[in-house]
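A.B. asks: File structure-v1.csv follows (CSV, C-alpha atoms and all ligand atoms):
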```csv
chain,number,residue,atom,x,y,z
A,19,MET,CA,89.8,117.7,80.3
A,20,ARG,CA,92.4,120.0,81.7
A,21,LYS,CA,95.6,118.7,83.3
A,22,MET,CA,96.0,119.0,87.1
A,23,ILE,CA,98.9,118.9,89.5
A,24,ASP,CA,97.9,117.5,92.9
A,25,ALA,CA,100.3,118.8,95.6
A,26,HIS,CA,99.3,116.4,98.3
A,27,LEU,CA,98.6,112.7,98.2
A,28,ASP,CA,99.7,109.9,100.6
A,29,LEU,CA,100.0,107.3,97.9
A,30,ALA,CA,102.4,104.8,99.6
A,31,MET,CA,100.5,105.0,102.9
A,32,ASN,CA,97.6,103.2,101.2
A,33,LEU,CA,99.6,100.0,100.9
A,34,VAL,CA,101.9,100.3,104.0
A,35,PHE,CA,99.2,101.4,106.5
A,36,TYR,CA,96.0,100.0,104.9
A,37,ASP,CA,96.9,97.1,102.6
A,38,ARG,CA,95.5,98.8,99.5
A,39,ASP,CA,96.5,98.3,95.9
A,40,ILE,CA,96.4,101.7,94.2
A,41,THR,CA,97.3,100.2,90.8
A,42,ALA,CA,93.7,98.8,90.6
A,43,SER,CA,90.8,100.6,89.2
A,44,LEU,CA,88.8,102.6,91.7
A,45,ALA,CA,85.9,100.2,91.4
A,46,ASP,CA,88.1,97.2,92.0
A,47,MET,CA,90.0,98.7,94.9
A,48,ASN,CA,86.8,99.6,96.6
A,49,ALA,CA,85.1,96.3,95.9
A,50,ALA,CA,88.1,94.5,97.4
A,51,GLU,CA,87.4,96.2,100.7
A,52,GLU,CA,83.8,95.0,101.1
A,53,GLY,CA,83.4,93.7,104.6
A,54,PHE,CA,86.4,95.5,106.0
A,55,SER,CA,85.4,97.4,109.2
A,56,ASP,CA,88.7,98.7,110.5
A,57,GLN,CA,88.3,102.1,108.9
A,58,LYS,CA,85.3,104.3,107.9
A,59,PHE,CA,86.8,105.0,104.5
A,60,ARG,CA,86.8,101.3,103.4
A,61,THR,CA,85.0,100.9,100.0
A,62,ARG,CA,84.9,104.7,99.7
A,63,GLY,CA,88.3,105.5,98.2
A,64,THR,CA,88.6,108.2,95.6
A,65,VAL,CA,92.2,107.8,94.4
A,66,THR,CA,94.0,105.2,92.5
A,67,LEU,CA,96.7,105.5,89.8
A,68,PRO,CA,94.4,104.6,86.9
A,69,GLU,CA,91.9,107.1,88.2
A,70,MET,CA,94.7,109.8,88.4
A,71,ARG,CA,95.6,109.1,84.7
A,72,GLN,CA,91.9,109.5,83.8
A,73,ALA,CA,91.9,112.7,85.8
A,74,GLN,CA,94.8,114.0,83.7
A,75,ILE,CA,97.2,114.3,86.6
A,76,PRO,CA,100.7,114.1,85.2
A,77,VAL,CA,102.4,115.1,88.5
A,78,CYS,CA,101.7,114.9,92.2
A,79,LEU,CA,103.6,115.5,95.4
A,80,ALA,CA,103.3,112.3,97.4
A,81,THR,CA,104.3,111.7,101.0
A,82,LEU,CA,106.5,109.7,103.2
A,83,LEU,CA,104.5,109.9,106.4
A,84,ALA,CA,104.7,108.1,109.7
A,85,ARG,CA,102.8,109.3,112.6
A,86,SER,CA,105.0,108.9,115.6
A,87,GLY,CA,105.5,109.8,119.2
A,88,PRO,CA,103.2,109.8,122.2
A,89,GLU,CA,102.3,113.5,121.6
A,90,HIS,CA,100.9,112.8,118.1
A,91,ARG,CA,97.3,113.9,118.0
A,92,ARG,CA,96.1,111.5,115.3
A,93,ALA,CA,96.4,107.8,116.4
A,94,PRO,CA,100.1,107.4,115.8
A,95,SER,CA,101.3,104.1,114.4
A,96,TYR,CA,104.6,104.5,116.2
A,97,ARG,CA,103.9,105.9,119.7
A,98,ARG,CA,106.8,104.6,121.8
A,99,SER,CA,109.3,107.1,123.0
A,100,ASP,CA,111.3,104.7,125.1
A,101,LEU,CA,113.0,103.1,122.1
A,102,ASP,CA,116.6,103.9,121.5
A,103,PHE,CA,115.9,106.7,119.1
A,104,PRO,CA,117.4,107.4,116.6
A,105,LEU,CA,118.8,104.0,116.3
A,106,VAL,CA,115.5,102.3,116.6
A,107,SER,CA,112.6,104.1,115.1
A,108,GLY,CA,109.4,102.6,113.8
A,109,ALA,CA,108.6,105.8,111.9
A,110,TYR,CA,111.9,105.7,110.0
A,111,ALA,CA,111.4,102.1,109.2
A,112,SER,CA,107.9,102.9,107.9
A,113,CYS,CA,109.3,105.5,105.6
A,114,TRP,CA,111.7,102.9,104.2
A,115,ALA,CA,108.7,100.7,103.6
A,116,GLN,CA,106.8,103.5,101.8
A,117,ARG,CA,109.9,104.3,99.8
A,118,SER,CA,110.2,100.7,98.7
A,119,HIS,CA,106.6,100.8,97.6
A,120,TYR,CA,107.3,103.9,95.4
A,121,HIS,CA,110.4,102.1,94.0
A,122,GLU,CA,108.3,99.1,93.2
A,123,LEU,CA,105.6,101.2,91.5
A,124,GLU,CA,108.3,102.9,89.5
A,125,GLN,CA,109.8,99.5,88.4
A,126,ARG,CA,106.4,98.5,87.2
A,127,GLY,CA,106.0,101.7,85.2
A,128,GLU,CA,103.1,103.0,87.3
A,129,ILE,CA,104.9,106.1,88.5
A,130,ARG,CA,108.0,108.0,87.7
A,131,GLN,CA,109.9,109.7,90.4
A,132,LEU,CA,110.9,113.3,89.5
A,133,ARG,CA,114.0,114.5,91.2
A,134,THR,CA,115.2,117.5,89.1
A,135,ARG,CA,113.9,120.3,87.0
A,136,GLN,CA,114.9,118.4,83.9
A,137,ASP,CA,113.0,115.3,85.1
A,138,LEU,CA,109.9,117.4,85.5
A,139,GLU,CA,110.3,119.2,82.1
A,140,SER,CA,110.7,116.0,80.1
A,141,HIS,CA,107.9,114.2,82.0
A,142,TRP,CA,105.5,117.1,81.5
A,143,GLN,CA,106.4,117.2,77.8
A,144,GLN,CA,105.7,113.5,77.5
A,145,TRP,CA,102.2,113.9,78.9
A,146,LYS,CA,101.6,117.1,76.8
A,147,VAL,CA,102.2,115.4,73.5
A,148,ALA,CA,100.8,111.9,74.3
A,149,GLU,CA,97.7,110.8,72.3
A,150,GLY,CA,96.4,108.8,75.3
A,151,THR,CA,97.5,109.0,78.9
A,152,GLU,CA,96.2,105.6,80.1
A,153,SER,CA,99.6,103.9,80.1
A,154,LEU,CA,101.8,106.9,81.1
A,155,PRO,CA,103.5,106.8,84.5
A,156,VAL,CA,102.3,109.4,87.0
A,157,GLY,CA,105.1,111.7,88.0
A,158,VAL,CA,105.8,111.7,91.8
A,159,ILE,CA,107.8,114.2,93.7
A,160,LEU,CA,108.5,113.0,97.3
A,161,SER,CA,107.6,115.1,100.2
A,162,VAL,CA,107.8,114.3,104.0
A,163,GLU,CA,104.7,115.1,106.0
A,164,GLY,CA,105.9,115.6,109.6
A,165,ALA,CA,109.7,115.4,109.9
A,166,ASP,CA,109.7,113.2,113.0
A,167,PRO,CA,111.1,110.1,111.1
A,168,ILE,CA,114.2,112.1,110.1
A,169,HIS,CA,116.7,111.1,112.7
A,170,SER,CA,118.6,114.4,112.8
A,171,PRO,CA,119.5,117.3,110.5
A,172,GLU,CA,122.8,115.6,109.8
A,173,THR,CA,121.0,112.7,108.1
A,174,LEU,CA,119.1,114.9,105.6
A,175,ASP,CA,121.3,114.0,102.7
A,176,GLU,CA,120.0,110.5,102.8
A,177,TRP,CA,116.4,111.7,102.4
A,178,PHE,CA,117.5,114.0,99.6
A,179,ASP,CA,119.1,111.0,97.9
A,180,TRP,CA,115.8,109.2,98.2
A,181,GLY,CA,114.3,112.1,96.1
A,182,VAL,CA,112.6,114.1,98.9
A,183,ARG,CA,112.2,117.7,97.6
A,184,ALA,CA,109.8,119.2,100.2
A,185,ILE,CA,109.4,118.8,104.0
A,186,GLY,CA,106.6,119.7,106.3
A,187,LEU,CA,108.1,119.9,109.8
A,188,ALA,CA,105.1,118.8,111.8
A,189,HIS,CA,101.8,117.0,111.5
A,190,TYR,CA,99.2,116.8,114.3
A,191,GLY,CA,100.4,117.8,117.7
A,192,GLN,CA,103.8,118.4,119.1
A,193,GLY,CA,106.6,116.9,117.0
A,194,ARG,CA,110.3,116.6,117.4
A,195,TYR,CA,110.9,119.5,115.0
A,196,ALA,CA,108.0,121.8,115.5
A,197,ALA,CA,104.5,122.2,117.0
A,198,GLY,CA,101.8,121.0,114.5
A,199,THR,CA,98.1,121.3,114.1
A,200,GLY,CA,96.1,121.4,117.3
A,201,THR,CA,99.0,122.4,119.6
A,202,PRO,CA,100.5,125.8,120.3
A,203,GLY,CA,104.2,126.3,120.0
A,204,GLY,CA,107.1,127.2,117.8
A,205,LEU,CA,110.0,125.3,116.3
A,206,THR,CA,112.2,123.2,118.5
A,207,ASP,CA,116.0,123.5,118.5
A,208,LEU,CA,116.0,120.5,116.2
A,209,GLY,CA,113.6,122.3,113.8
A,210,ARG,CA,115.8,125.4,113.8
A,211,SER,CA,118.8,123.4,112.9
A,212,LEU,CA,117.0,121.4,110.1
A,213,LEU,CA,116.1,124.6,108.1
A,214,PRO,CA,119.7,125.5,107.0
A,215,GLU,CA,120.2,121.9,105.9
A,216,MET,CA,117.0,122.0,103.9
A,217,SER,CA,118.2,125.3,102.3
A,218,ARG,CA,121.6,123.8,101.5
A,219,LEU,CA,120.1,120.9,99.7
A,220,GLY,CA,117.3,123.0,98.0
A,221,ILE,CA,114.5,121.2,99.8
A,222,ALA,CA,111.3,123.3,99.9
A,223,LEU,CA,109.5,124.1,103.1
A,224,ASP,CA,105.9,123.0,103.2
A,225,VAL,CA,104.3,125.1,105.9
A,226,THR,CA,101.1,123.0,106.0
A,227,HIS,CA,100.3,121.7,109.6
A,228,LEU,CA,102.7,124.1,111.3
A,229,ALA,CA,101.2,125.7,114.5
A,230,ASP,CA,101.0,129.5,114.1
A,231,ASP,CA,104.1,130.4,116.1
A,232,ALA,CA,106.1,127.7,114.4
A,233,MET,CA,105.0,128.9,111.0
A,234,ALA,CA,105.9,132.5,111.8
A,235,GLU,CA,109.3,131.4,112.9
A,236,ALA,CA,109.8,129.2,109.9
A,237,PHE,CA,108.9,132.1,107.6
A,238,ASP,CA,111.5,134.3,109.3
A,239,LEU,CA,114.3,131.7,109.4
A,240,TYR,CA,113.9,129.8,106.1
A,241,GLU,CA,115.2,131.4,102.9
A,242,GLY,CA,114.4,128.7,100.4
A,243,PRO,CA,111.2,128.0,98.5
A,244,VAL,CA,108.0,127.8,100.6
A,245,TRP,CA,104.5,126.6,99.9
A,246,ALA,CA,101.4,125.2,101.6
A,247,SER,CA,100.6,121.9,99.9
A,248,HIS,CA,97.1,121.3,101.2
A,249,HIS,CA,95.7,124.2,103.1
A,250,ASN,CA,92.4,126.2,103.1
A,251,CYS,CA,91.4,129.6,104.6
A,252,ARG,CA,90.8,130.3,108.3
A,253,ALA,CA,88.6,133.3,107.4
A,254,LEU,CA,86.1,130.7,106.1
A,255,VAL,CA,86.7,127.8,108.5
A,256,ASP,CA,87.9,129.1,111.8
A,257,TRP,CA,90.3,126.7,113.5
A,258,ASP,CA,94.0,126.3,113.4
A,259,ARG,CA,94.3,123.8,110.5
A,260,GLN,CA,93.5,126.6,108.1
A,261,LEU,CA,95.7,129.6,107.1
A,262,THR,CA,95.1,133.1,108.5
A,263,ASP,CA,95.0,136.0,106.1
A,264,GLY,CA,98.3,137.1,107.5
A,265,GLN,CA,99.9,133.6,106.7
A,266,ILE,CA,98.4,133.7,103.2
A,267,THR,CA,99.9,137.1,102.7
A,268,ARG,CA,103.3,135.9,103.8
A,269,LEU,CA,103.0,133.0,101.3
A,270,ILE,CA,102.0,135.4,98.6
A,271,ASP,CA,105.0,137.6,99.4
A,272,ARG,CA,107.3,134.6,99.0
A,273,ASP,CA,105.6,133.7,95.7
A,274,GLY,CA,104.2,130.6,97.4
A,275,VAL,CA,101.4,128.4,96.1
A,276,ILE,CA,98.5,127.1,98.3
A,277,GLY,CA,96.9,123.8,97.4
A,278,LEU,CA,93.1,123.5,97.9
A,279,ALA,CA,92.3,120.5,100.1
A,280,PHE,CA,89.1,118.6,99.9
A,281,ASP,CA,88.7,117.1,103.4
A,282,ALA,CA,85.2,118.3,104.4
A,283,VAL,CA,86.3,119.4,107.8
A,284,MET,CA,88.6,122.0,106.2
A,285,LEU,CA,86.0,123.2,103.7
A,286,HIS,CA,83.0,124.5,105.7
A,287,PRO,CA,82.4,125.3,109.4
A,288,SER,CA,79.0,123.5,109.3
A,289,TRP,CA,80.8,120.1,108.9
A,290,GLU,CA,80.9,117.9,112.0
A,291,ARG,CA,83.4,115.1,111.8
A,292,GLY,CA,81.6,111.7,111.9
A,293,VAL,CA,78.1,113.4,111.9
A,294,SER,CA,77.6,115.4,108.8
A,295,GLN,CA,76.9,113.8,105.4
A,296,PRO,CA,78.4,114.7,102.0
A,297,ASP,CA,75.0,115.8,100.8
A,298,SER,CA,75.2,118.8,103.0
A,299,LEU,CA,78.4,120.1,101.3
A,300,PRO,CA,78.3,121.1,97.7
A,301,ILE,CA,81.7,121.2,95.9
A,302,GLU,CA,81.1,124.8,95.0
A,303,TRP,CA,82.0,125.8,98.6
A,304,ALA,CA,85.6,124.7,97.9
A,305,ALA,CA,85.8,127.4,95.3
A,306,ASP,CA,85.2,130.0,98.0
A,307,HIS,CA,88.6,129.3,99.5
A,308,VAL,CA,90.3,129.9,96.1
A,309,ASP,CA,88.2,133.1,95.7
A,310,HIS,CA,89.4,134.3,99.1
A,311,ILE,CA,93.1,133.8,98.3
A,312,CYS,CA,92.7,135.4,94.9
A,313,GLN,CA,91.1,138.5,96.6
A,314,LEU,CA,94.0,138.8,99.0
A,315,ALA,CA,96.6,138.3,96.2
A,316,GLY,CA,94.8,140.4,93.5
A,317,SER,CA,95.4,137.5,91.1
A,318,THR,CA,95.1,133.7,90.7
A,319,ARG,CA,98.9,133.3,90.8
A,320,HIS,CA,99.1,131.7,94.3
A,321,CYS,CA,96.3,129.1,94.1
A,322,GLY,CA,96.7,125.4,93.3
A,323,ILE,CA,95.2,122.0,94.1
A,324,GLY,CA,96.4,119.8,96.9
A,325,THR,CA,93.5,117.4,97.3
A,326,ASP,CA,94.7,115.2,100.2
A,327,LEU,CA,92.0,112.8,99.0
A,328,ASP,CA,93.7,109.6,100.1
A,329,GLY,CA,94.7,111.1,103.5
A,330,GLY,CA,92.9,108.7,105.8
A,331,TYR,CA,89.3,109.5,104.6
A,332,GLY,CA,87.1,108.7,101.6
A,333,SER,CA,83.9,109.9,100.0
A,334,GLU,CA,82.2,109.8,103.5
A,335,GLN,CA,84.1,113.1,104.1
A,336,THR,CA,84.3,114.9,100.8
A,337,PRO,CA,81.8,117.3,99.1
A,338,ARG,CA,78.7,115.6,97.7
A,339,GLU,CA,79.8,115.6,94.0
A,340,LEU,CA,83.2,114.2,94.7
A,341,LYS,CA,83.4,110.4,94.5
A,342,SER,CA,86.6,110.3,92.6
A,343,ILE,CA,89.6,112.5,92.1
A,344,GLN,CA,88.3,113.1,88.6
A,345,ASP,CA,85.5,115.0,90.1
A,346,VAL,CA,87.8,117.8,91.2
A,347,HIS,CA,87.5,118.9,87.6
A,348,ARG,CA,83.9,119.9,88.3
A,349,LEU,CA,85.3,123.1,89.8
A,350,GLU,CA,86.4,124.2,86.3
A,351,GLU,CA,82.8,125.1,85.4
A,352,ILE,CA,82.2,126.7,88.8
A,353,PHE,CA,85.3,129.0,88.3
A,354,SER,CA,84.2,129.8,84.8
A,355,LYS,CA,80.7,130.8,86.0
A,356,ARG,CA,82.4,133.0,88.6
A,357,GLY,CA,84.3,134.9,85.9
A,358,TYR,CA,87.7,133.2,86.0
A,359,THR,CA,89.3,133.1,82.5
A,360,ASP,CA,90.6,129.9,80.9
A,361,GLU,CA,94.1,131.1,81.7
A,362,ASP,CA,93.2,131.6,85.4
A,363,ILE,CA,91.7,128.1,85.6
A,364,ASP,CA,94.8,126.6,83.9
A,365,ALA,CA,97.0,128.5,86.5
A,366,ILE,CA,94.9,127.1,89.4
A,367,PHE,CA,94.8,123.5,88.1
A,368,TRP,CA,98.4,123.1,87.0
A,369,GLY,CA,100.2,126.3,85.9
A,370,ASN,CA,101.1,127.7,89.3
A,371,TRP,CA,102.4,124.5,90.7
A,372,LEU,CA,104.3,123.8,87.6
A,373,ARG,CA,106.0,127.2,87.8
A,374,LYS,CA,106.8,126.8,91.5
A,375,LEU,CA,108.1,123.3,91.1
A,376,LEU,CA,110.3,124.2,88.2
A,377,ASP,CA,111.6,127.1,90.2
A,378,SER,CA,112.3,124.9,93.2
A,379,LEU,CA,113.7,121.6,92.0
A,380,PRO,CA,117.4,121.3,91.6
A,381,GLU,CA,118.6,121.8,88.0
A,382,SER,CA,120.5,118.5,88.1
A,383,ILE,CA,122.0,116.2,90.7
B,1,ZN,ZN,98.0,116.6,106.0
```
Please render this file's structure as structure tokens.

C.D. replies:
Amino acid sequence: MRKMIDAHLDLAMNLVFYDRDITASLADMNAAEEGFSDQKFRTRGTVTLPEMRQAQIPVCLATLLARSGPEHRRAPSYRRSDLDFPLVSGAYASCWAQRSHYHELEQRGEIRQLRTRQDLESHWQQWKVAEGTESLPVGVILSVEGADPIHSPETLDEWFDWGVRAIGLAHYGQGRYAAGTGTPGGLTDLGRSLLPEMSRLGIALDVTHLADDAMAEAFDLYEGPVWASHHNCRALVDWDRQLTDGQITRLIDRDGVIGLAFDAVMLHPSWERGVSQPDSLPIEWAADHVDHICQLAGSTRHCGIGTDLDGGYGSEQTPRELKSIQDVHRLEEIFSKRGYTDEDIDAIFWGNWLRKLLDSLPESI
């Protein structure tokens, strides 16, 4: 089985929001949720750390994520705006909790936080030469999804010290730093002043979830590394969560990488949230998004994987063949049948993200 780098998982959210133990096997984690009715995805999880090891995933980007503010479009956990922000912020406190979970996982040898190019190089080498990978830690690079929990640009050093190496400025709806998915708008003044701080620290800009105007502005203003961690093509699924051809071209021009996401609503226009069933969506359709980007780029250099598979949904909202993160590897054969070479498939599964991450991470700290 090939290696894979997954550019978008919400690992700590599983415990902090949903009381899930991702150190368990997939079968055990799902069995433990029998009878839970608070979320549709209960018993349908597709990601745990043992499952990631079996899927040959040495490295992922994993989020600190706290949906906050009254204008958040997806049931925010921290909706009050009358608190004495920034001194009192549920979102900031939640990120601390998630951070403490990553710390605990690291202490137990389940994960290894990667903060520098050197960390990534030596970690990759360990996985490369290992006979078996069952007991190896999964490498985790921290990324913030939606910058709202960051009090102010002046406090960004703290987040860098935690190991944050990428930031997406917005999530769903209007955020403090930028307009996100489902809302028109650009960057806010706060967003404009965060970008130079990110650049100073060498934190990459993840453009995923930015509204169109905000993304255009961010491309113009930000000079550091850019990518789209979990993002498909609007030419195939026509609503604003997907990238337009123009946005894809801007990412290609900046040597960005775009991670293929597996949420069914982003894969095919026929999918109706809460109505459609996985049987109606073959995993092969995910390959069409990669094809589209490769056609625009004239190469496979800008495509990667960013599954988003633990992002608040489970196998009720994935392609029919995808019941575990291991099943992402089914795409290898599909690419091969479509004429992609082994080198191309390596590049898509891990090579492009490895190159981009090595280019972007600080040499040392
Ligand atoms: Zn997302």

A.B. asks: In Å, rounded to a single decimal, give me how far atom CA of Pro214 of chain A is from atom CA of Ser170 of chain A.

C.D. replies: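 Answer for the atom CA of Ser170 of chain A to atom CA of Pro214 of chain A separation: 12.6 Å.
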
A.B. asks: List as number ranges by chain the protein and nucleic acid residues near Val158 of chain A, meaning an atom at most 9 Å away when only C-alpha atoms are counted, but skip any in the same chain fewer than 4 places from it.

C.D. replies: A: 76-80, 120, 129-133

A.B. asks: Any idea what's packed within 10 Å of Thr206 of chain A, counting all atoms listed in the file, ignoring anything in its chain fewer than 3 positions away? Could you give it as a list in words?

C.D. replies: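 Everything that qualifies: Gln192, Gly193, Arg194, Tyr195, Ala196, Ala197, Gly203, Gly209, Arg210, Ser211, Leu212 and Ala232 of chain A.
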
A.B. asks: If you take only C-alpha atoms and a cut-off of 10 Å, which residues of segment 97-164 of chain A touch segment 55-69 of chain A, and what are their nearest atom pairs and distances in Å to one decimal, in chain and number order, as CSV?

C.D. replies:
```
residue,atom,partner,partner_atom,distance
A:Glu128,CA,A:Leu67,CA,7.3
A:Ile129,CA,A:Leu67,CA,8.3
A:Thr151,CA,A:Pro68,CA,9.6
A:Glu152,CA,A:Pro68,CA,7.1
A:Ser153,CA,A:Pro68,CA,8.6
A:Leu154,CA,A:Pro68,CA,9.7
A:Pro155,CA,A:Leu67,CA,8.7
A:Val156,CA,A:Leu67,CA,7.4
```

A.B. asks: I'd like the interatomic distance between atom CA of Leu340 of chain A and atom CA of Gly127 of chain A, to a tenth of an Å.

C.D. replies: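 Interatomic distance, atom CA of Leu340 of chain A to atom CA of Gly127 of chain A: 27.7 Å.
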
A.B. asks: List as JSON lines every residue of chain A that is in contact with ligand ZN 1 (chain B), defined as an atom at most 8 Å from one of its atoms (using all atoms listed in the file), together with the nearest atom pair and the distance in Å rounded to one decimal, sorted by chain and then rising number.

C.D. replies:
```
{"residue": "A:His26", "atom": "CA", "partner": "B:ZN1", "partner_atom": "ZN", "distance": 7.8}
{"residue": "A:Glu163", "atom": "CA", "partner": "B:ZN1", "partner_atom": "ZN", "distance": 6.9}
{"residue": "A:His189", "atom": "CA", "partner": "B:ZN1", "partner_atom": "ZN", "distance": 6.7}
{"residue": "A:Thr226", "atom": "CA", "partner": "B:ZN1", "partner_atom": "ZN", "distance": 7.1}
{"residue": "A:His227", "atom": "CA", "partner": "B:ZN1", "partner_atom": "ZN", "distance": 6.7}
{"residue": "A:His248", "atom": "CA", "partner": "B:ZN1", "partner_atom": "ZN", "distance": 6.8}
{"residue": "A:Asp326", "atom": "CA", "partner": "B:ZN1", "partner_atom": "ZN", "distance": 6.8}
{"residue": "A:Gly329", "atom": "CA", "partner": "B:ZN1", "partner_atom": "ZN", "distance": 6.9}
```

A.B. asks: What lies within 10 Å of segment 82-87 of chain A using only C-alpha atoms, ignoring chain neighbours under 4 positions off, as a count of residues only?

C.D. replies: 45

A.B. asks: How far is it from atom CA of Glu361 of chain A to atom CA of Val275 of chain A, in Å with one decimal?

C.D. replies: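 About the pair atom CA of Glu361 of chain A and atom CA of Val275 of chain A: they are 16.4 Å apart.
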
A.B. asks: I want to know what sits within 10 Å of Glu351 of chain A, based on only C-alpha atoms, with residues of the same chain fewer than 6 positions away left out; could you give that as a PyMOL selection string?

C.D. replies: chain A and resi 302+357-358+363

A.B. asks: For C-alpha atoms, I'd like the residues from the last selection saved as a PDB file, in the frame of the given file.

C.D. replies:
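part20.pdb was written with the following content:
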```pdb
ATOM      1  CA  GLU A 302      81.100 124.800  95.000  1.00  0.00           C
ATOM      2  CA  GLY A 357      84.300 134.900  85.900  1.00  0.00           C
ATOM      3  CA  TYR A 358      87.700 133.200  86.000  1.00  0.00           C
ATOM      4  CA  ILE A 363      91.700 128.100  85.600  1.00  0.00           C
TER       5      ILE A 363
END
```

A.B. asks: Write out as JSON, numbers by chain each polymer residue whose atoms come within 10 Å of Glu235 of chain A, counting all atoms listed in the file; drop sequence neighbours fewer than 5 positions from it.

C.D. replies: {"A": [204, 205, 210, 228, 230, 240]}

A.B. asks: Given the choices A:Glu215, A:Asp137, A:Asp362, A:Glu290, which gets closest to Phe178 of chain A if the distance is worked out from only C-alpha atoms?

C.D. replies: A:Glu215

A.B. asks: Nearest to Gln265 of chain A among A:Ile343, A:Val225, A:Cys312, A:Val293, with distances taken over all atoms listed in the file: which residue is it?

C.D. replies: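 Of A:Ile343, A:Val225, A:Cys312, A:Val293, the one nearest Gln265 of chain A, counting all atoms listed in the file, is A:Val225.
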
A.B. asks: Which residue, A:Asp328, A:Ala184, A:Glu176, A:Asp377, has the smallest gap to Arg38 of chain A when you use all atoms listed in the file?

C.D. replies: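 For Arg38 of chain A, the nearest of the candidates is A:Asp328.
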
A.B. asks: Is there a way to complete segment 239-253 of chain A with N, CA and C atoms and then write that out as a PDB file, in the coordinates of the input?

C.D. replies:
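Below is the file part-v6.pdb, written as the result:
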```pdb
ATOM      1  N   LEU A 239     112.991 132.327 109.401  1.00  0.00           N
ATOM      2  CA  LEU A 239     114.300 131.700 109.400  1.00  0.00           C
ATOM      3  C   LEU A 239     114.646 131.050 108.013  1.00  0.00           C
ATOM      4  N   TYR A 240     113.630 130.590 107.287  1.00  0.00           N
ATOM      5  CA  TYR A 240     113.900 129.800 106.100  1.00  0.00           C
ATOM      6  C   TYR A 240     113.984 130.699 104.852  1.00  0.00           C
ATOM      7  N   GLU A 241     115.034 130.552 104.077  1.00  0.00           N
ATOM      8  CA  GLU A 241     115.200 131.400 102.900  1.00  0.00           C
ATOM      9  C   GLU A 241     114.878 130.744 101.592  1.00  0.00           C
ATOM     10  N   GLY A 242     114.663 129.443 101.619  1.00  0.00           N
ATOM     11  CA  GLY A 242     114.400 128.700 100.400  1.00  0.00           C
ATOM     12  C   GLY A 242     112.933 128.802  99.975  1.00  0.00           C
ATOM     13  N   PRO A 243     112.539 127.993  98.984  1.00  0.00           N
ATOM     14  CA  PRO A 243     111.200 128.000  98.500  1.00  0.00           C
ATOM     15  C   PRO A 243     110.158 127.538  99.569  1.00  0.00           C
ATOM     16  N   VAL A 244     109.035 128.233  99.645  1.00  0.00           N
ATOM     17  CA  VAL A 244     108.000 127.800 100.600  1.00  0.00           C
ATOM     18  C   VAL A 244     106.649 127.681  99.860  1.00  0.00           C
ATOM     19  N   TRP A 245     105.843 126.754 100.362  1.00  0.00           N
ATOM     20  CA  TRP A 245     104.500 126.600  99.900  1.00  0.00           C
ATOM     21  C   TRP A 245     103.626 125.967 100.953  1.00  0.00           C
ATOM     22  N   ALA A 246     102.336 125.879 100.672  1.00  0.00           N
ATOM     23  CA  ALA A 246     101.400 125.200 101.600  1.00  0.00           C
ATOM     24  C   ALA A 246     100.696 124.144 100.704  1.00  0.00           C
ATOM     25  N   SER A 247     101.071 122.881 100.857  1.00  0.00           N
ATOM     26  CA  SER A 247     100.600 121.900  99.900  1.00  0.00           C
ATOM     27  C   SER A 247      99.137 121.590  99.939  1.00  0.00           C
ATOM     28  N   HIS A 248      98.551 121.574 101.131  1.00  0.00           N
ATOM     29  CA  HIS A 248      97.100 121.300 101.200  1.00  0.00           C
ATOM     30  C   HIS A 248      96.547 122.069 102.404  1.00  0.00           C
ATOM     31  N   HIS A 249      95.958 123.230 102.060  1.00  0.00           N
ATOM     32  CA  HIS A 249      95.700 124.200 103.100  1.00  0.00           C
ATOM     33  C   HIS A 249      94.554 125.150 102.628  1.00  0.00           C
ATOM     34  N   ASN A 250      93.545 125.332 103.456  1.00  0.00           N
ATOM     35  CA  ASN A 250      92.400 126.200 103.100  1.00  0.00           C
ATOM     36  C   ASN A 250      92.489 127.484 104.003  1.00  0.00           C
ATOM     37  N   CYS A 251      91.385 128.264 104.025  1.00  0.00           N
ATOM     38  CA  CYS A 251      91.400 129.600 104.600  1.00  0.00           C
ATOM     39  C   CYS A 251      90.692 129.638 105.993  1.00  0.00           C
ATOM     40  N   ARG A 252      91.387 130.187 106.991  1.00  0.00           N
ATOM     41  CA  ARG A 252      90.800 130.300 108.300  1.00  0.00           C
ATOM     42  C   ARG A 252      89.663 131.326 108.362  1.00  0.00           C
ATOM     43  N   ALA A 253      89.712 132.299 107.444  1.00  0.00           N
ATOM     44  CA  ALA A 253      88.600 133.300 107.400  1.00  0.00           C
ATOM     45  C   ALA A 253      87.287 132.587 107.107  1.00  0.00           C
TER      46      ALA A 253
END
```
